[in-house]
file upload-v4.cif (mmCIF, C-alpha atoms)
data_entry
#
loop_
_atom_site.label_atom_id
_atom_site.label_comp_id
_atom_site.auth_asym_id
_atom_site.auth_seq_id
_atom_site.Cartn_x
_atom_site.Cartn_y
_atom_site.Cartn_z
CA ARG A 1 49.22 -94.74 127.09
CA ALA A 2 52.39 -92.70 126.55
CA LYS A 3 55.74 -94.37 126.10
CA VAL A 4 57.67 -91.07 126.38
CA ALA A 5 57.12 -87.94 128.45
CA PHE A 6 59.27 -84.83 128.21
CA HIS A 7 58.82 -82.14 130.83
CA THR A 8 60.56 -78.81 130.26
CA HIS A 9 60.60 -75.16 131.24
CA MET A 10 61.22 -73.83 127.73
CA PRO A 11 61.02 -70.02 127.79
CA TYR A 12 58.21 -69.32 125.31
CA ALA A 13 55.95 -72.22 126.31
CA THR A 14 56.49 -71.40 129.98
CA ALA A 15 55.76 -67.72 129.33
CA LEU A 16 52.40 -68.64 127.81
CA ALA A 17 51.67 -70.95 130.78
CA MET A 18 51.96 -67.84 132.99
CA THR A 19 49.37 -65.80 131.09
CA GLU A 20 45.61 -65.59 131.52
CA GLY A 21 43.39 -67.80 129.42
CA ASP A 22 44.35 -70.76 127.28
CA PRO A 23 48.04 -70.72 126.40
CA LEU A 24 47.79 -71.38 122.65
CA ILE A 25 45.61 -69.15 120.53
CA PHE A 26 45.92 -71.34 117.38
CA ALA A 27 46.64 -68.32 115.25
CA GLY A 28 49.79 -69.51 113.49
CA GLN A 29 50.26 -72.48 111.19
CA THR A 30 52.80 -74.19 113.46
CA SER A 31 50.38 -74.04 116.40
CA LEU A 32 47.86 -76.05 114.37
CA LYS A 33 50.05 -79.14 114.83
CA PHE A 34 48.66 -79.12 118.38
CA TYR A 35 45.02 -78.29 117.59
CA GLY A 36 42.81 -80.46 119.80
CA ARG A 37 45.85 -82.04 121.46
CA THR A 38 46.49 -79.69 124.39
CA ALA A 39 45.35 -79.53 127.98
CA PHE A 40 45.93 -76.87 130.61
CA ASP A 41 46.58 -77.68 134.25
CA ARG A 42 45.35 -74.45 135.81
CA THR A 43 46.49 -75.27 139.36
CA TYR A 44 49.98 -74.54 140.62
CA ASN A 45 50.74 -76.21 143.95
CA GLY A 46 54.44 -75.52 144.24
CA LEU A 47 57.10 -78.16 143.62
CA ALA A 48 55.92 -81.65 142.71
CA LEU A 49 57.64 -83.46 145.54
CA ASP A 50 55.18 -86.25 146.15
CA GLU A 51 53.23 -88.80 144.17
CA ARG A 52 49.88 -87.05 144.73
CA GLU A 53 51.00 -84.01 142.74
CA GLY A 54 52.19 -86.23 139.91
CA ASP A 55 48.87 -88.06 139.90
CA ARG A 56 46.99 -84.74 139.85
CA ILE A 57 49.01 -83.49 136.88
CA ALA A 58 48.53 -86.80 135.06
CA LEU A 59 44.76 -86.53 135.52
CA SER A 60 44.78 -83.03 134.02
CA ILE A 61 46.25 -84.39 130.78
CA GLY A 62 43.26 -86.55 129.88
CA GLU A 63 43.55 -87.57 126.23
CA ALA A 64 45.87 -84.67 125.31
CA ASP A 65 49.46 -85.03 124.15
CA VAL A 66 50.57 -81.67 125.54
CA VAL A 67 49.83 -80.16 128.93
CA PHE A 68 50.65 -76.58 129.84
CA MET A 69 51.18 -76.40 133.60
CA LYS A 70 50.19 -73.03 135.07
CA HIS A 71 53.19 -70.98 136.28
CA HIS A 72 55.46 -73.94 135.57
CA GLY A 73 56.17 -75.34 132.11
CA VAL A 74 54.96 -78.01 129.72
CA MET A 75 54.89 -81.76 129.34
CA VAL A 76 54.69 -83.51 125.99
CA LEU A 77 53.66 -87.16 125.68
CA GLY A 78 54.35 -89.41 122.74
CA PRO A 79 54.48 -92.97 121.48
CA ASN A 80 58.25 -92.77 120.96
CA ILE A 81 61.20 -90.43 121.48
CA ALA A 82 61.17 -89.07 117.92
CA GLU A 83 57.51 -88.01 117.97
CA ALA A 84 57.62 -86.57 121.48
CA TRP A 85 60.83 -84.66 120.71
CA ASP A 86 59.42 -83.35 117.42
CA ASP A 87 56.31 -82.12 119.21
CA LEU A 88 58.42 -80.47 121.90
CA TYR A 89 60.52 -78.71 119.26
CA TYR A 90 57.54 -77.41 117.28
CA LEU A 91 55.60 -76.51 120.41
CA GLU A 92 58.34 -74.10 121.44
CA ARG A 93 58.44 -72.65 117.89
CA ALA A 94 54.64 -72.12 117.97
CA CYS A 95 54.86 -70.49 121.40
CA GLN A 96 57.71 -68.27 120.25
CA ALA A 97 55.71 -67.04 117.25
CA GLN A 98 52.70 -66.34 119.48
CA CYS A 99 54.81 -64.42 122.01
CA LEU A 100 56.26 -62.33 119.20
CA ALA A 101 52.78 -61.65 117.81
CA LEU A 102 51.49 -60.68 121.27
CA SER A 103 54.48 -58.37 121.77
CA THR A 104 53.24 -56.12 118.94
CA GLY A 105 50.35 -55.05 121.17
CA ARG A 106 47.93 -55.85 118.39
CA LYS A 107 45.12 -58.38 118.76
CA VAL A 108 46.10 -61.89 117.70
CA SER A 109 43.23 -63.42 115.78
CA PRO A 110 42.74 -67.19 115.85
CA ILE A 111 42.25 -69.27 112.74
CA ASP A 112 38.69 -70.41 112.06
CA PRO A 113 38.22 -73.72 113.94
CA ARG A 114 37.10 -75.61 110.80
CA VAL A 115 40.22 -74.50 108.93
CA ALA A 116 42.39 -75.20 111.99
CA GLU A 117 41.11 -78.75 112.29
CA ALA A 118 41.51 -79.42 108.56
CA ALA A 119 45.09 -78.13 108.63
CA TYR A 120 45.82 -80.23 111.72
CA LEU A 121 44.59 -83.34 109.94
CA GLN A 122 46.75 -82.53 106.91
CA MET A 123 49.80 -82.14 109.15
CA ARG A 124 49.22 -85.42 111.01
CA VAL A 125 49.37 -87.56 107.86
CA GLY A 126 53.17 -87.70 107.72
CA ASP A 127 53.98 -86.84 111.33
CA PRO A 128 55.56 -90.12 112.52
CA GLU A 129 57.96 -90.39 109.58
CA SER A 130 58.69 -86.66 109.59
CA ALA A 131 59.46 -86.82 113.32
CA ARG A 132 61.81 -89.77 112.85
CA LEU A 133 63.67 -87.98 110.03
CA HIS A 134 63.83 -84.74 112.07
CA LEU A 135 65.44 -86.51 115.05
CA ALA A 136 67.84 -88.42 112.77
CA ALA A 137 68.95 -85.10 111.23
CA ILE A 138 69.58 -83.62 114.69
CA LYS A 139 71.61 -86.69 115.68
CA ARG A 140 73.75 -86.35 112.52
CA ARG A 141 74.32 -82.70 113.33
CA LEU A 142 75.33 -83.56 116.89
CA ASP A 143 77.73 -86.23 115.60
CA VAL A 144 79.53 -83.51 113.63
CA GLU A 145 79.32 -80.66 116.15
CA GLU A 146 79.66 -82.69 119.38
CA PRO A 147 81.47 -85.94 118.48
CA GLY A 148 81.54 -87.31 122.05
CA TYR A 149 77.93 -86.54 122.99
CA ARG A 150 76.86 -90.21 122.91
CA THR A 151 79.46 -91.38 125.43
#
call {"tool": "encode", "arguments": {"input": "upload-v4.cif", "output": "structure tokens"}}
result
Amino acid sequence: RAKVAFHTHMPYATALAMTEGDPLIFAGQTSLKFYGRTAFDRTYNGLALDEREGDRIALSIGEADVVFMKHHGVMVLGPNIAEAWDDLYYLERACQAQCLALSTGRKVSPIDPRVAEAAYLQMRVGDPESARLHLAAIKRRLDVEEPGYRT
């Protein structure tokens, strides 16, 4: 179903994949972009060097767009590069905020599920266009800062 899959070992998302329990607490507004869209592959089998491991990971995704892979990293699926990249960007921002909140030593309290779902639905309304504009802005910035990056 996905046209694009990005797999990364971003520091904050990977850090949360190494902790006990579900990686995202859904306590910050940015995390709500992923409410109901995440899966957690709780099995780490070492390096994915054969097709069976890839198949196993793919099965763990189910209908989710984001899978946290225990002790490993994350994979984000999307219908196009812009939406998958936008999700990857905001996923790392949400994970960063959660790591900072957890570092205070205070309890991080999740948002009420009804409010979380409503906010998620509000965010999804303009997501495809917002994602396209976000990626276009990054490309313009790269054109200025790194003129030869496309070659």
call {"tool": "closest_residue", "arguments": {"input": "upload-v4.cif", "among": "A:Gly54, A:Gly21, A:Gly28, A:Gly78", "to": "Arg42 of chain A", "atoms": "only C-alpha atoms"}}
result
A:Gly21
call {"tool": "closest_residue", "arguments": {"input": "upload-v4.cif", "among": "A:Ala136, A:Ile81, A:Ala118, A:Ala101", "to": "Phe6 of chain A", "atoms": "only C-alpha atoms"}}
result
A:Ile81
call {"tool": "residues_around", "arguments": {"input": "upload-v4.cif", "residues": "Ser31 of chain A", "least_positions_apart": "2", "cutoff": "10 Å", "atoms": "all atoms listed in the file", "output": "number ranges by chain"}}
result
A: 24-29, 33-35, 90-95, 97-98, 116, 120
call {"tool": "atom_distance", "arguments": {"input": "upload-v4.cif", "atom1": "atom CA of Ala39 of chain A", "atom2": "atom CA of Glu63 of chain A"}}
result
8.4 Å
call {"tool": "resolve_selection", "arguments": {"input": "upload-v4.cif", "expression": "the PyMOL selection byres ((chain A and resi 66) around 10)", "output": "PyMOL selection string"}}
result
chain A and resi 5-7+34+36-40+61-65+67-69+74-78+84+87-88+91
call {"tool": "atom_distance", "arguments": {"input": "upload-v4.cif", "atom1": "atom CA of Lys107 of chain A", "atom2": "atom CA of Thr43 of chain A"}}
result
26.7 Å
call {"tool": "resolve_selection", "arguments": {"input": "upload-v4.cif", "expression": "the PyMOL selection byres ((chain A and resi 45) around 12)", "output": "list in words"}}
result
Asp41, Arg42, Thr43, Tyr44, Gly46, Leu47, Ala48, Leu49, Asp50, Arg52, Glu53, Gly54, Arg56, Ile57, Met69, Lys70, His71 and His72 of chain A
call {"tool": "closest_residue", "arguments": {"input": "upload-v4.cif", "among": "A:Tyr89, A:Pro23, A:Thr8, A:Thr30", "to": "Leu135 of chain A", "atoms": "only C-alpha atoms"}}
result
A:Tyr89
call {"tool": "closest_residue", "arguments": {"input": "upload-v4.cif", "among": "A:Glu20, A:Asp112, A:Asp55, A:Glu129", "to": "Asn80 of chain A", "atoms": "only C-alpha atoms"}}
result
A:Glu129
call {"tool": "closest_residue", "arguments": {"input": "upload-v4.cif", "among": "A:Ala82, A:Pro110, A:Leu102, A:Leu32", "to": "Met123 of chain A", "atoms": "all atoms listed in the file"}}
result
A:Leu32
call {"tool": "residues_around", "arguments": {"input": "upload-v4.cif", "residues": "segment 138-145 of chain A", "least_positions_apart": "4", "cutoff": "12 Å", "atoms": "only C-alpha atoms", "output": "ChimeraX atom specification"}}
result
/A:82,85-86,89,131-134,149-151
call {"tool": "write_last_selection", "arguments": {"input": "upload-v4.cif", "atoms": "C-alpha atoms", "output": "mmCIF file, keeping the file's coordinate frame"}}
result
data_model
loop_
_atom_site.group_PDB
_atom_site.id
_atom_site.type_symbol
_atom_site.label_atom_id
_atom_site.label_comp_id
_atom_site.auth_asym_id
_atom_site.auth_seq_id
_atom_site.Cartn_x
_atom_site.Cartn_y
_atom_site.Cartn_z
ATOM 1 C CA ALA A 82 61.170 -89.070 117.920
ATOM 2 C CA TRP A 85 60.830 -84.660 120.710
ATOM 3 C CA ASP A 86 59.420 -83.350 117.420
ATOM 4 C CA TYR A 89 60.520 -78.710 119.260
ATOM 5 C CA ALA A 131 59.460 -86.820 113.320
ATOM 6 C CA ARG A 132 61.810 -89.770 112.850
ATOM 7 C CA LEU A 133 63.670 -87.980 110.030
ATOM 8 C CA HIS A 134 63.830 -84.740 112.070
ATOM 9 C CA TYR A 149 77.930 -86.540 122.990
ATOM 10 C CA ARG A 150 76.860 -90.210 122.910
ATOM 11 C CA THR A 151 79.460 -91.380 125.430
#
